[in-house]
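Asker: The structure follows.
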Amino acid sequence: MDSKINNDTGQRLYTIKEVSKLTDVPEYTLRFWEKVFKGHISPVRTSGGHRRYDIETVETIKNVKVFVYEKGYTLAGALNEIRAQKKTVKSFANKVDVEMLVDEIAEILKNRLLQNV
């Protein structure tokens, strides 16, 4: 596949044609879903205005496809599910961050206590 690299993030970026092949979703549908799932399906644009999709956006498109085509959701229902998924992932990431922070603080306190003994 003729994917490009985003110099800012180092991520692979895919053209709309590549994403259409990867997801088996027509290009015109991808363009329409951009409007419906604003903020969730938001490809970056090249200086020439061409769309480039990162892997996270491709995964979101695959999820939308499952909700709409396989589970029979309306677009509004699929949008609600995508929002709920993103919220759950964000909540989990925050929980992991807090747990890591607690572990780091515990390690620091343990080391300080051992130094004072």
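So you can find residues: chains in the structure tokens are A, B, ... in the order shown, residues in each start at 1, and ligands are numbered from 1 in order.
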As a list in words, please: the residues near Val25 in chain A (cut-off 12 Å, only C-alpha atoms, same-chain neighbours under 3 positions excluded).
Answerer: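 Using only C-alpha atoms, the neighbours found are Ile16, Lys17, Glu18, Val19, Ser20, Lys21, Leu22, Tyr28, Thr29, Leu30, Arg31, Phe32, Trp33, Val58, Ile61, Lys62, Asn63, Val64, Lys65, Val66, Val68 and Tyr69 of chain A.
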Asker: Could you save the residues just selected, with N, CA and C atoms, as a compact mmCIF listing (two decimals), in the first residue's frame?
Answerer:
```
# COMPACT_ATOMS: atom_id res chain seq x y z
N ILE A 16 -7.64 7.69 1.20
CA ILE A 16 -9.04 7.25 1.27
C ILE A 16 -9.23 5.95 0.47
N LYS A 17 -8.50 5.82 -0.62
CA LYS A 17 -8.58 4.60 -1.42
C LYS A 17 -8.08 3.40 -0.63
N GLU A 18 -6.96 3.57 0.09
CA GLU A 18 -6.41 2.49 0.90
C GLU A 18 -7.37 2.12 2.03
N VAL A 19 -7.95 3.13 2.67
CA VAL A 19 -8.88 2.87 3.77
C VAL A 19 -10.12 2.16 3.25
N SER A 20 -10.58 2.55 2.10
CA SER A 20 -11.74 1.89 1.49
C SER A 20 -11.45 0.41 1.26
N LYS A 21 -10.25 0.10 0.79
CA LYS A 21 -9.88 -1.31 0.57
C LYS A 21 -9.70 -2.05 1.90
N LEU A 22 -9.08 -1.40 2.87
CA LEU A 22 -8.85 -2.04 4.17
C LEU A 22 -10.15 -2.36 4.91
N TYR A 28 -17.21 7.09 -1.00
CA TYR A 28 -18.27 8.09 -0.78
C TYR A 28 -18.89 7.93 0.60
N THR A 29 -18.95 6.69 1.11
CA THR A 29 -19.48 6.46 2.46
C THR A 29 -18.52 7.02 3.50
N LEU A 30 -17.22 6.82 3.29
CA LEU A 30 -16.22 7.38 4.21
C LEU A 30 -16.35 8.90 4.29
N ARG A 31 -16.55 9.53 3.14
CA ARG A 31 -16.71 11.00 3.12
C ARG A 31 -17.96 11.41 3.90
N PHE A 32 -19.04 10.67 3.72
CA PHE A 32 -20.28 10.98 4.43
C PHE A 32 -20.11 10.75 5.93
N TRP A 33 -19.49 9.64 6.32
CA TRP A 33 -19.29 9.34 7.74
C TRP A 33 -18.44 10.40 8.42
N VAL A 58 -8.86 4.46 11.22
CA VAL A 58 -9.24 3.26 10.46
C VAL A 58 -9.97 2.29 11.38
N ILE A 61 -13.47 3.46 11.94
CA ILE A 61 -14.28 3.17 10.76
C ILE A 61 -14.73 1.70 10.77
N LYS A 62 -13.82 0.81 11.13
CA LYS A 62 -14.17 -0.61 11.21
C LYS A 62 -15.26 -0.83 12.26
N ASN A 63 -15.17 -0.13 13.39
CA ASN A 63 -16.20 -0.24 14.43
C ASN A 63 -17.54 0.29 13.95
N VAL A 64 -17.52 1.42 13.28
CA VAL A 64 -18.77 1.98 12.74
C VAL A 64 -19.40 0.99 11.77
N LYS A 65 -18.57 0.40 10.93
CA LYS A 65 -19.07 -0.58 9.96
C LYS A 65 -19.78 -1.74 10.67
N VAL A 66 -19.18 -2.23 11.74
CA VAL A 66 -19.80 -3.33 12.50
C VAL A 66 -21.14 -2.90 13.06
N VAL A 68 -23.17 -0.47 12.09
CA VAL A 68 -24.18 -0.13 11.08
C VAL A 68 -24.55 -1.34 10.22
N TYR A 69 -23.55 -2.02 9.68
CA TYR A 69 -23.84 -3.09 8.71
C TYR A 69 -24.12 -4.43 9.37
```
Asker: Using only C-alpha atoms, which residues sit within 10 Å of Ser42 in chain A once same-chain residues fewer than 6 positions away are excluded, as a ChimeraX atom specification?
Answerer: /A:31,33-35,51-54,57
Asker: DSSP on the backbone: which residues in chain A end up as helix (DSSP H, G or I)? Give the answer as a PyMOL selection string.
Answerer: chain A and resi 16-23+27-36+55-70+75-116
Asker: Please report, as a PDB file with C-alpha atoms, in the first residue's frame, each residue of chain A to which DSSP assigns strand (DSSP E or B) when run on this structure's backbone.
Answerer:
```
ATOM      1  CA  LYS A   4       2.524   8.000   3.870  1.00  0.00           C
ATOM      2  CA  ILE A   5       4.225   8.916   7.115  1.00  0.00           C
ATOM      3  CA  ARG A  12       1.499   5.774   8.990  1.00  0.00           C
ATOM      4  CA  LEU A  13      -1.246   7.598   7.158  1.00  0.00           C
ATOM      5  CA  TYR A  14      -3.500   6.002   4.577  1.00  0.00           C
ATOM      6  CA  VAL A  44      -5.825  15.032   8.335  1.00  0.00           C
ATOM      7  CA  ARG A  45      -5.530  16.900   5.061  1.00  0.00           C
ATOM      8  CA  ARG A  51      -7.426  12.987   3.135  1.00  0.00           C
ATOM      9  CA  ARG A  52      -4.960  10.932   5.187  1.00  0.00           C
ATOM     10  CA  TYR A  53      -6.217   8.529   7.846  1.00  0.00           C
TER      11      TYR A  53
END
```
